[in-house]
$ cat upload-v9.cif   # mmCIF, C-alpha atoms (C1' of nucleotides)
data_data
#
loop_
_atom_site.group_PDB
_atom_site.id
_atom_site.type_symbol
_atom_site.label_atom_id
_atom_site.label_comp_id
_atom_site.auth_asym_id
_atom_site.auth_seq_id
_atom_site.Cartn_x
_atom_site.Cartn_y
_atom_site.Cartn_z
ATOM 1 C CA MET R 1 0.304 -13.768 -9.801
ATOM 2 C CA ALA R 2 2.517 -16.204 -8.032
ATOM 3 C CA THR R 3 5.375 -14.040 -9.169
ATOM 4 C CA ASN R 4 8.348 -13.807 -6.930
ATOM 5 C CA PHE R 5 7.410 -10.324 -5.953
ATOM 6 C CA ALA R 6 3.850 -11.226 -5.088
ATOM 7 C CA ASN R 7 5.035 -14.157 -3.054
ATOM 8 C CA GLN R 8 7.301 -11.954 -1.016
ATOM 9 C CA VAL R 9 4.525 -9.514 -0.310
ATOM 10 C CA TRP R 10 2.234 -12.254 0.829
ATOM 11 C CA LYS R 11 4.921 -13.912 2.860
ATOM 12 C CA ILE R 12 5.673 -10.731 4.709
ATOM 13 C CA THR R 13 2.030 -9.966 5.244
ATOM 14 C CA LYS R 14 1.419 -13.384 6.685
ATOM 15 C CA GLN R 15 4.213 -12.798 9.178
ATOM 16 C CA ILE R 16 2.479 -9.862 10.766
ATOM 17 C CA PRO R 17 1.613 -10.912 14.306
ATOM 18 C CA LYS R 18 -1.951 -10.756 15.458
ATOM 19 C CA GLY R 19 -2.692 -7.447 17.055
ATOM 20 C CA LYS R 20 -0.005 -5.631 15.080
ATOM 21 C CA VAL R 21 -0.050 -3.553 11.930
ATOM 22 C CA VAL R 22 2.522 -2.434 9.396
ATOM 23 C CA THR R 23 2.543 0.321 6.830
ATOM 24 C CA TYR R 24 2.904 -0.029 3.102
ATOM 25 C CA GLY R 25 6.069 2.012 3.331
ATOM 26 C CA GLN R 26 7.589 -0.410 5.785
ATOM 27 C CA ILE R 27 7.044 -3.317 3.492
ATOM 28 C CA ALA R 28 8.431 -1.403 0.542
ATOM 29 C CA LYS R 29 11.465 -0.508 2.576
ATOM 30 C CA LYS R 30 12.034 -4.112 3.464
ATOM 31 C CA PHE R 31 12.316 -4.967 -0.196
ATOM 32 C CA GLN R 32 15.043 -2.403 -0.595
ATOM 33 C CA ILE R 33 17.204 -4.007 2.053
ATOM 34 C CA SER R 34 16.374 -7.484 0.824
ATOM 35 C CA ASN R 35 17.367 -9.274 -2.315
ATOM 36 C CA PHE R 36 15.289 -6.998 -4.470
ATOM 37 C CA LYS R 37 17.211 -4.884 -6.877
ATOM 38 C CA PHE R 38 14.114 -3.027 -7.958
ATOM 39 C CA GLN R 39 12.962 -0.001 -6.167
ATOM 40 C CA ILE R 40 9.644 -0.914 -4.700
ATOM 41 C CA ASP R 41 6.927 1.636 -4.266
ATOM 42 C CA PRO R 42 4.458 1.539 -1.431
ATOM 43 C CA ARG R 43 1.760 1.710 -4.060
ATOM 44 C CA MET R 44 2.587 -1.682 -5.411
ATOM 45 C CA ILE R 45 2.192 -3.331 -2.054
ATOM 46 C CA GLY R 46 -1.387 -2.303 -1.718
ATOM 47 C CA TRP R 47 -1.918 -2.925 -5.369
ATOM 48 C CA MET R 48 -0.886 -6.516 -5.038
ATOM 49 C CA LEU R 49 -3.101 -7.165 -2.080
ATOM 50 C CA HIS R 50 -6.055 -5.509 -3.688
ATOM 51 C CA ALA R 51 -5.624 -7.122 -7.084
ATOM 52 C CA ASN R 52 -5.250 -10.588 -5.677
ATOM 53 C CA ARG R 53 -7.685 -10.225 -2.766
ATOM 54 C CA ASP R 54 -6.659 -13.537 -1.262
ATOM 55 C CA PRO R 55 -8.683 -14.350 1.855
ATOM 56 C CA LYS R 56 -5.774 -16.211 3.386
ATOM 57 C CA ILE R 57 -3.766 -13.040 3.647
ATOM 58 C CA PRO R 58 -4.352 -10.798 6.653
ATOM 59 C CA CYS R 59 -4.294 -7.630 4.632
ATOM 60 C CA HIS R 60 -6.368 -5.867 7.241
ATOM 61 C CA ARG R 61 -3.159 -5.546 9.225
ATOM 62 C CA VAL R 62 -1.647 -3.303 6.585
ATOM 63 C CA VAL R 63 -2.387 0.394 6.878
ATOM 64 C CA ASP R 64 -0.904 3.552 5.467
ATOM 65 C CA ARG R 65 1.726 5.645 7.206
ATOM 66 C CA ASN R 66 -0.866 7.534 9.213
ATOM 67 C CA GLY R 67 -2.379 4.370 10.547
ATOM 68 C CA ARG R 68 -5.377 4.865 8.360
ATOM 69 C CA VAL R 69 -7.122 1.832 6.986
ATOM 70 C CA ALA R 70 -7.714 1.352 3.283
ATOM 71 C CA ASP R 71 -10.922 2.919 2.150
ATOM 72 C CA ASN R 72 -11.040 0.470 -0.731
ATOM 73 C CA TYR R 73 -10.568 -2.613 1.347
ATOM 74 C CA SER R 74 -11.653 -5.606 -0.635
ATOM 75 C CA PHE R 75 -13.451 -7.756 1.883
ATOM 76 C CA GLY R 76 -16.427 -5.591 2.566
ATOM 77 C CA GLY R 77 -14.990 -2.099 2.736
ATOM 78 C CA TRP R 78 -12.915 -0.309 5.320
ATOM 79 C CA GLU R 79 -15.451 -0.909 8.038
ATOM 80 C CA GLU R 80 -14.878 -4.605 7.689
ATOM 81 C CA GLN R 81 -11.153 -4.016 8.015
ATOM 82 C CA VAL R 82 -11.738 -1.949 11.122
ATOM 83 C CA ARG R 83 -13.940 -4.643 12.530
ATOM 84 C CA ARG R 84 -11.240 -7.267 12.073
ATOM 85 C CA LEU R 85 -8.594 -5.110 13.656
ATOM 86 C CA LYS R 86 -10.769 -4.337 16.622
ATOM 87 C CA SER R 87 -11.447 -8.016 17.123
ATOM 88 C CA GLU R 88 -7.705 -8.455 17.518
ATOM 89 C CA GLY R 89 -7.582 -5.949 20.325
ATOM 90 C CA ILE R 90 -6.487 -2.933 18.353
ATOM 91 C CA LYS R 91 -7.954 0.332 19.502
ATOM 92 C CA PHE R 92 -8.754 3.181 17.175
ATOM 93 C CA ILE R 93 -7.945 6.841 17.590
ATOM 94 C CA ASP R 94 -10.933 7.702 15.488
ATOM 95 C CA GLU R 95 -13.109 5.827 13.059
ATOM 96 C CA MET R 96 -10.403 5.033 10.574
ATOM 97 C CA HIS R 97 -7.077 5.469 12.364
ATOM 98 C CA VAL R 98 -5.228 2.960 14.499
ATOM 99 C CA ASP R 99 -2.673 3.971 17.104
ATOM 100 C CA LEU R 100 0.550 3.348 15.246
ATOM 101 C CA LYS R 101 2.705 4.104 18.253
ATOM 102 C CA LYS R 102 1.193 1.144 20.006
ATOM 103 C CA TYR R 103 0.495 -1.339 17.276
ATOM 104 C CA GLN R 104 3.035 -0.770 14.536
ATOM 105 C CA TRP R 105 5.134 -3.858 14.019
ATOM 106 C CA SER R 106 8.709 -2.674 14.172
ATOM 107 C CA LYS R 107 10.409 -6.008 13.672
ATOM 108 C CA PHE R 108 11.612 -4.951 10.252
ATOM 109 C "C1'" DA Z 1 1.783 -6.538 -27.246
ATOM 110 C "C1'" DA Z 2 0.583 -2.038 -25.369
ATOM 111 C "C1'" DA Z 3 -1.681 0.893 -22.497
ATOM 112 C "C1'" DG Z 4 -4.157 1.980 -18.460
ATOM 113 C "C1'" DT Z 5 -4.557 1.552 -13.493
ATOM 114 C "C1'" DG Z 6 -3.415 1.746 -8.644
ATOM 115 C "C1'" DA Z 7 -4.963 -0.184 -0.520
ATOM 116 C "C1'" DC Z 8 1.074 5.179 -0.953
ATOM 117 C "C1'" DG Z 9 4.868 8.367 0.385
ATOM 118 C "C1'" DC Z 10 7.552 12.249 0.129
ATOM 119 C "C1'" DA Z 11 9.042 16.863 -1.457
ATOM 120 C "C1'" DT Z 12 7.461 20.913 -2.816
ATOM 121 C "C1'" DT Z 13 4.218 24.790 -3.333
ATOM 122 C "C1'" DT L 1 -1.721 23.400 7.652
ATOM 123 C "C1'" DA L 2 -3.525 21.783 3.322
ATOM 124 C "C1'" DA L 3 -3.239 20.810 -1.454
ATOM 125 C "C1'" DT L 4 -0.759 19.306 -5.550
ATOM 126 C "C1'" DG L 5 2.606 16.627 -8.287
ATOM 127 C "C1'" DC L 6 5.622 13.076 -9.287
ATOM 128 C "C1'" DG L 7 7.909 8.630 -8.819
ATOM 129 C "C1'" DC L 8 7.648 3.877 -9.597
ATOM 130 C "C1'" DC L 9 6.595 -1.170 -11.464
ATOM 131 C "C1'" DA L 10 3.349 -5.340 -11.445
ATOM 132 C "C1'" DC L 11 -1.137 -6.604 -12.705
ATOM 133 C "C1'" DT L 12 -5.296 -6.606 -15.726
ATOM 134 C "C1'" DT L 13 -7.553 -6.125 -19.996
#

$ encode --input "upload-v9.cif" --output "structure tokens"
Amino acid sequence: MATNFANQVWKITKQIPKGKVVTYGQIAKKFQISNFKFQIDPRMIGWMLHANRDPKIPCHRVVDRNGRVADNYSFGGWEEQVRRLKSEGIKFIDEMHVDLKKYQWSKF
DNA sequence: AAAGTGACGCATT
DNA sequence: TAATGCGCCACTT
């Protein structure tokens, strides 16, 4: 940990505004247009967050491209992730899907 | 030091 | 429309 790559992931994740979400693909894409010469896979993004499970990082604001939360969420399962998102004002289409049209952070 | 593992995404079948 | 396969690289053991 504390690799350059991990730091970037965390940095980006921390920048996600409250009440917004981003997809793994978005983050991966950002690496492509950034300094990174490597081709970054969406998998690695989630992998980093899961492997490090740092409480300081709002990883509940990261969902997949369908707006679905991670079923293997580290801090108490996906229901905990849903609970956190709801407490930020995010509404859910169904039990596990957020409304990406409304809440996706498109600042990238 | 090497191998296994993985919160995804896209193209193809 | 749903299911399957592959790509890709850091992290853990």

$ resolve_selection --input "upload-v9.cif" --expression "the PyMOL selection byres ((chain Z) within 7 of (chain R))" --output "list in words"
DG6, DA7 and DC8 of chain Z

$ closest_residue --input "upload-v9.cif" --among "R:Ser106, R:Asn52, R:Gln15, R:Gln26" --to "chain L" --atoms "only C-alpha atoms (C1' of nucleotides)"
R:Asn52

$ interface_residues --input "upload-v9.cif" --of "chain L" --to "chain R" --cutoff "8 Å" --atoms "only C-alpha atoms (C1' of nucleotides)" --output "list in words"
DC8, DC9, DA10 and DC11 of chain L

$ resolve_selection --input "upload-v9.cif" --expression "the PyMOL selection byres ((chain R and resi 20) around 6)" --output "VMD selection string"
chain R and resid 17 to 19 21 103 to 105

$ atom_distance --input "upload-v9.cif" --atom1 "CA of Thr13 (chain R)" --atom2 "CA of Lys56 (chain R)"
10.2 Å

$ resolve_selection --input "upload-v9.cif" --expression "the PyMOL selection byres ((chain Z and resi 10) around 10)" --output "PyMOL selection string"
(chain Z and resi 8-9+11-12) or (chain L and resi 6-7)

$ atom_distance --input "upload-v9.cif" --atom1 "CA of Leu85 (chain R)" --atom2 "CA of Val9 (chain R)"
19.7 Å

$ atom_distance --input "upload-v9.cif" --atom1 "CA of Asp54 (chain R)" --atom2 "C1' of DA3 (chain Z)"
26.2 Å

$ decode --input "upload-v9.cif" --residues "chain Z" --atoms "all heavy atoms" --output "compact mmCIF listing (two decimals), in the first residue's frame"
# COMPACT_ATOMS: atom_id res chain seq x y z
P DA Z 1 13.47 -11.67 -5.64
OP1 DA Z 1 14.63 -11.43 -5.08
OP2 DA Z 1 12.78 -10.96 -6.59
O5' DA Z 1 12.78 -13.06 -5.31
C5' DA Z 1 13.39 -14.26 -5.78
C4' DA Z 1 12.35 -15.23 -6.27
O4' DA Z 1 11.36 -15.42 -5.24
C3' DA Z 1 11.58 -14.76 -7.51
O3' DA Z 1 11.32 -15.88 -8.33
C2' DA Z 1 10.33 -14.13 -6.93
C1' DA Z 1 10.08 -15.00 -5.69
N9 DA Z 1 9.45 -14.24 -4.59
C8 DA Z 1 9.73 -12.98 -4.15
N7 DA Z 1 9.00 -12.59 -3.13
C5 DA Z 1 8.19 -13.69 -2.87
C6 DA Z 1 7.19 -13.93 -1.91
N6 DA Z 1 6.83 -13.03 -0.98
N1 DA Z 1 6.58 -15.14 -1.93
C2 DA Z 1 6.95 -16.02 -2.85
N3 DA Z 1 7.88 -15.91 -3.80
C4 DA Z 1 8.45 -14.71 -3.76
P DA Z 2 10.51 -15.69 -9.67
OP1 DA Z 2 11.10 -16.55 -10.70
OP2 DA Z 2 10.24 -14.26 -9.95
O5' DA Z 2 9.14 -16.37 -9.19
C5' DA Z 2 9.18 -17.59 -8.47
C4' DA Z 2 7.79 -18.16 -8.38
O4' DA Z 2 7.09 -17.51 -7.30
C3' DA Z 2 6.92 -17.96 -9.62
O3' DA Z 2 6.16 -19.13 -9.85
C2' DA Z 2 6.06 -16.76 -9.29
C1' DA Z 2 5.91 -16.87 -7.78
N9 DA Z 2 5.82 -15.57 -7.09
C8 DA Z 2 6.45 -14.39 -7.40
N7 DA Z 2 6.17 -13.41 -6.59
C5 DA Z 2 5.31 -13.99 -5.67
C6 DA Z 2 4.65 -13.48 -4.53
N6 DA Z 2 4.77 -12.23 -4.12
N1 DA Z 2 3.86 -14.32 -3.84
C2 DA Z 2 3.75 -15.59 -4.25
N3 DA Z 2 4.32 -16.19 -5.30
C4 DA Z 2 5.09 -15.32 -5.97
P DA Z 3 5.14 -19.18 -11.09
OP1 DA Z 3 5.35 -20.46 -11.79
OP2 DA Z 3 5.16 -17.91 -11.85
O5' DA Z 3 3.77 -19.26 -10.28
C5' DA Z 3 3.71 -20.03 -9.10
C4' DA Z 3 2.39 -19.75 -8.40
O4' DA Z 3 2.46 -18.47 -7.74
C3' DA Z 3 1.20 -19.67 -9.35
O3' DA Z 3 0.13 -20.45 -8.83
C2' DA Z 3 0.85 -18.20 -9.41
C1' DA Z 3 1.31 -17.71 -8.05
N9 DA Z 3 1.70 -16.30 -8.03
C8 DA Z 3 2.46 -15.62 -8.94
N7 DA Z 3 2.66 -14.36 -8.64
C5 DA Z 3 1.97 -14.20 -7.44
C6 DA Z 3 1.79 -13.10 -6.59
N6 DA Z 3 2.31 -11.89 -6.84
N1 DA Z 3 1.05 -13.28 -5.47
C2 DA Z 3 0.54 -14.49 -5.23
N3 DA Z 3 0.65 -15.60 -5.95
C4 DA Z 3 1.38 -15.38 -7.05
P DG Z 4 -1.25 -20.57 -9.67
OP1 DG Z 4 -1.62 -21.99 -9.71
OP2 DG Z 4 -1.15 -19.79 -10.93
O5' DG Z 4 -2.27 -19.83 -8.69
C5' DG Z 4 -2.22 -20.12 -7.29
C4' DG Z 4 -3.06 -19.11 -6.53
O4' DG Z 4 -2.41 -17.82 -6.56
C3' DG Z 4 -4.45 -18.92 -7.12
O3' DG Z 4 -5.40 -18.92 -6.08
C2' DG Z 4 -4.37 -17.56 -7.81
C1' DG Z 4 -3.34 -16.83 -6.96
N9 DG Z 4 -2.61 -15.78 -7.66
C8 DG Z 4 -1.93 -15.88 -8.84
N7 DG Z 4 -1.36 -14.75 -9.22
C5 DG Z 4 -1.69 -13.87 -8.21
C6 DG Z 4 -1.36 -12.49 -8.06
O6 DG Z 4 -0.68 -11.78 -8.80
N1 DG Z 4 -1.90 -11.96 -6.90
C2 DG Z 4 -2.65 -12.65 -6.00
N2 DG Z 4 -3.10 -11.96 -4.94
N3 DG Z 4 -2.97 -13.93 -6.12
C4 DG Z 4 -2.45 -14.47 -7.25
P DT Z 5 -6.95 -18.82 -6.46
OP1 DT Z 5 -7.69 -19.56 -5.42
OP2 DT Z 5 -7.12 -19.11 -7.89
O5' DT Z 5 -7.21 -17.26 -6.23
C5' DT Z 5 -6.94 -16.69 -4.96
C4' DT Z 5 -7.33 -15.21 -4.95
O4' DT Z 5 -6.35 -14.45 -5.65
C3' DT Z 5 -8.69 -14.94 -5.61
O3' DT Z 5 -9.51 -14.23 -4.70
C2' DT Z 5 -8.34 -14.09 -6.82
C1' DT Z 5 -7.01 -13.47 -6.43
N1 DT Z 5 -6.13 -13.12 -7.58
C2 DT Z 5 -5.61 -11.85 -7.65
O2 DT Z 5 -5.83 -11.00 -6.83
N3 DT Z 5 -4.81 -11.63 -8.75
C4 DT Z 5 -4.49 -12.53 -9.73
O4 DT Z 5 -3.77 -12.20 -10.66
C5 DT Z 5 -5.07 -13.84 -9.59
C7 DT Z 5 -4.81 -14.89 -10.60
C6 DT Z 5 -5.85 -14.08 -8.52
P DG Z 6 -11.05 -14.28 -4.86
OP1 DG Z 6 -11.61 -14.37 -3.52
OP2 DG Z 6 -11.47 -15.19 -5.93
O5' DG Z 6 -11.30 -12.78 -5.39
C5' DG Z 6 -10.96 -11.69 -4.55
C4' DG Z 6 -10.97 -10.43 -5.39
O4' DG Z 6 -9.85 -10.46 -6.28
C3' DG Z 6 -12.22 -10.30 -6.27
O3' DG Z 6 -13.06 -9.27 -5.76
C2' DG Z 6 -11.71 -9.95 -7.65
C1' DG Z 6 -10.21 -9.79 -7.47
N9 DG Z 6 -9.42 -10.39 -8.55
C8 DG Z 6 -9.58 -11.64 -9.08
N7 DG Z 6 -8.74 -11.91 -10.04
C5 DG Z 6 -7.98 -10.75 -10.15
C6 DG Z 6 -6.92 -10.46 -11.03
O6 DG Z 6 -6.41 -11.17 -11.90
N1 DG Z 6 -6.42 -9.17 -10.82
C2 DG Z 6 -6.90 -8.30 -9.87
N2 DG Z 6 -6.30 -7.12 -9.80
N3 DG Z 6 -7.90 -8.58 -9.04
C4 DG Z 6 -8.39 -9.82 -9.24
P DA Z 7 -14.52 -9.78 -5.33
OP1 DA Z 7 -14.61 -10.09 -3.89
OP2 DA Z 7 -14.91 -10.78 -6.29
O5' DA Z 7 -15.42 -8.51 -5.58
C5' DA Z 7 -15.29 -7.43 -4.70
C4' DA Z 7 -16.09 -6.30 -5.27
O4' DA Z 7 -16.08 -5.20 -4.37
C3' DA Z 7 -15.60 -5.74 -6.63
O3' DA Z 7 -16.68 -5.69 -7.52
C2' DA Z 7 -15.05 -4.42 -6.28
C1' DA Z 7 -15.99 -4.04 -5.13
N9 DA Z 7 -15.55 -2.95 -4.31
C8 DA Z 7 -15.02 -1.79 -4.76
N7 DA Z 7 -14.72 -0.94 -3.83
C5 DA Z 7 -15.09 -1.58 -2.65
C6 DA Z 7 -15.03 -1.22 -1.31
N6 DA Z 7 -14.57 -0.05 -0.88
N1 DA Z 7 -15.48 -2.08 -0.39
C2 DA Z 7 -15.97 -3.22 -0.81
N3 DA Z 7 -16.07 -3.70 -2.06
C4 DA Z 7 -15.61 -2.82 -2.94
P DC Z 8 -16.54 -6.39 -8.96
OP1 DC Z 8 -17.88 -6.84 -9.32
OP2 DC Z 8 -15.42 -7.35 -9.04
O5' DC Z 8 -16.06 -5.24 -9.91
C5' DC Z 8 -16.48 -3.91 -9.87
C4' DC Z 8 -16.01 -3.28 -11.18
O4' DC Z 8 -15.15 -4.21 -11.86
C3' DC Z 8 -17.16 -3.01 -12.13
O3' DC Z 8 -16.94 -1.76 -12.74
C2' DC Z 8 -17.11 -4.13 -13.13
C1' DC Z 8 -15.63 -4.41 -13.20
N1 DC Z 8 -15.34 -5.81 -13.59
C2 DC Z 8 -14.47 -6.06 -14.66
O2 DC Z 8 -13.96 -5.10 -15.24
N3 DC Z 8 -14.23 -7.33 -15.03
C4 DC Z 8 -14.79 -8.35 -14.37
N4 DC Z 8 -14.51 -9.57 -14.78
C5 DC Z 8 -15.67 -8.12 -13.29
C6 DC Z 8 -15.92 -6.86 -12.93
P DG Z 9 -17.95 -1.22 -13.79
OP1 DG Z 9 -17.85 0.24 -13.80
OP2 DG Z 9 -19.23 -1.89 -13.55
O5' DG Z 9 -17.34 -1.74 -15.16
C5' DG Z 9 -16.16 -1.14 -15.65
C4' DG Z 9 -15.98 -1.45 -17.11
O4' DG Z 9 -15.62 -2.84 -17.27
C3' DG Z 9 -17.23 -1.24 -17.96
O3' DG Z 9 -16.83 -0.63 -19.17
C2' DG Z 9 -17.77 -2.64 -18.18
C1' DG Z 9 -16.51 -3.48 -18.16
N9 DG Z 9 -16.67 -4.83 -17.68
C8 DG Z 9 -17.48 -5.27 -16.67
N7 DG Z 9 -17.39 -6.56 -16.45
C5 DG Z 9 -16.45 -6.99 -17.37
C6 DG Z 9 -15.93 -8.29 -17.62
O6 DG Z 9 -16.21 -9.34 -17.03
N1 DG Z 9 -15.01 -8.29 -18.65
C2 DG Z 9 -14.62 -7.17 -19.35
N2 DG Z 9 -13.72 -7.36 -20.31
N3 DG Z 9 -15.10 -5.96 -19.13
C4 DG Z 9 -16.01 -5.94 -18.14
P DC Z 10 -17.87 -0.12 -20.20
OP1 DC Z 10 -17.47 1.24 -20.61
OP2 DC Z 10 -19.22 -0.40 -19.68
O5' DC Z 10 -17.60 -1.07 -21.45
C5' DC Z 10 -16.27 -1.18 -21.94
C4' DC Z 10 -16.17 -2.39 -22.83
O4' DC Z 10 -16.27 -3.58 -22.04
C3' DC Z 10 -17.28 -2.46 -23.88
O3' DC Z 10 -16.71 -2.45 -25.17
C2' DC Z 10 -18.02 -3.74 -23.57
C1' DC Z 10 -17.04 -4.53 -22.74
N1 DC Z 10 -17.68 -5.41 -21.76
C2 DC Z 10 -17.30 -6.74 -21.69
O2 DC Z 10 -16.43 -7.15 -22.47
N3 DC Z 10 -17.89 -7.56 -20.79
C4 DC Z 10 -18.82 -7.08 -19.96
N4 DC Z 10 -19.37 -7.92 -19.08
C5 DC Z 10 -19.23 -5.73 -20.01
C6 DC Z 10 -18.64 -4.93 -20.91
P DA Z 11 -17.68 -2.47 -26.44
OP1 DA Z 11 -17.15 -1.50 -27.41
OP2 DA Z 11 -19.09 -2.42 -26.03
O5' DA Z 11 -17.36 -3.94 -26.96
C5' DA Z 11 -16.02 -4.38 -26.96
C4' DA Z 11 -15.94 -5.80 -27.50
O4' DA Z 11 -16.34 -6.73 -26.48
C3' DA Z 11 -16.85 -6.06 -28.70
O3' DA Z 11 -16.19 -6.92 -29.62
C2' DA Z 11 -18.08 -6.73 -28.08
C1' DA Z 11 -17.48 -7.47 -26.89
N9 DA Z 11 -18.39 -7.54 -25.76
C8 DA Z 11 -19.20 -6.56 -25.26
N7 DA Z 11 -19.90 -6.91 -24.22
C5 DA Z 11 -19.53 -8.23 -24.01
C6 DA Z 11 -19.91 -9.19 -23.06
N6 DA Z 11 -20.79 -8.95 -22.09
N1 DA Z 11 -19.35 -10.41 -23.13
C2 DA Z 11 -18.46 -10.65 -24.10
N3 DA Z 11 -18.02 -9.84 -25.05
C4 DA Z 11 -18.60 -8.63 -24.94
P DT Z 12 -17.00 -7.37 -30.93
OP1 DT Z 12 -16.00 -7.44 -32.00
OP2 DT Z 12 -18.21 -6.54 -31.09
O5' DT Z 12 -17.43 -8.86 -30.52
C5' DT Z 12 -16.49 -9.69 -29.86
C4' DT Z 12 -17.17 -10.97 -29.41
O4' DT Z 12 -17.96 -10.73 -28.24
C3' DT Z 12 -18.11 -11.58 -30.45
O3' DT Z 12 -17.80 -12.96 -30.62
C2' DT Z 12 -19.49 -11.44 -29.84
C1' DT Z 12 -19.18 -11.43 -28.36
N1 DT Z 12 -20.20 -10.73 -27.54
C2 DT Z 12 -20.76 -11.40 -26.49
O2 DT Z 12 -20.44 -12.55 -26.20
N3 DT Z 12 -21.69 -10.69 -25.78
C4 DT Z 12 -22.11 -9.40 -26.03
O4 DT Z 12 -22.95 -8.89 -25.33
C5 DT Z 12 -21.47 -8.75 -27.16
C7 DT Z 12 -21.85 -7.36 -27.52
C6 DT Z 12 -20.56 -9.44 -27.85
P DT Z 13 -18.58 -13.76 -31.82
OP1 DT Z 13 -17.58 -14.62 -32.48
OP2 DT Z 13 -19.41 -12.84 -32.63
O5' DT Z 13 -19.53 -14.69 -30.94
C5' DT Z 13 -18.97 -15.56 -29.98
C4' DT Z 13 -20.05 -16.26 -29.16
O4' DT Z 13 -20.77 -15.30 -28.37
C3' DT Z 13 -21.09 -17.02 -29.98
O3' DT Z 13 -21.29 -18.30 -29.41
C2' DT Z 13 -22.35 -16.19 -29.85
C1' DT Z 13 -22.16 -15.54 -28.48
N1 DT Z 13 -22.86 -14.25 -28.34
C2 DT Z 13 -23.63 -14.04 -27.23
O2 DT Z 13 -23.77 -14.87 -26.36
N3 DT Z 13 -24.24 -12.82 -27.18
C4 DT Z 13 -24.15 -11.79 -28.09
O4 DT Z 13 -24.74 -10.74 -27.92
C5 DT Z 13 -23.32 -12.08 -29.24
C7 DT Z 13 -23.15 -11.06 -30.31
C6 DT Z 13 -22.72 -13.28 -29.31
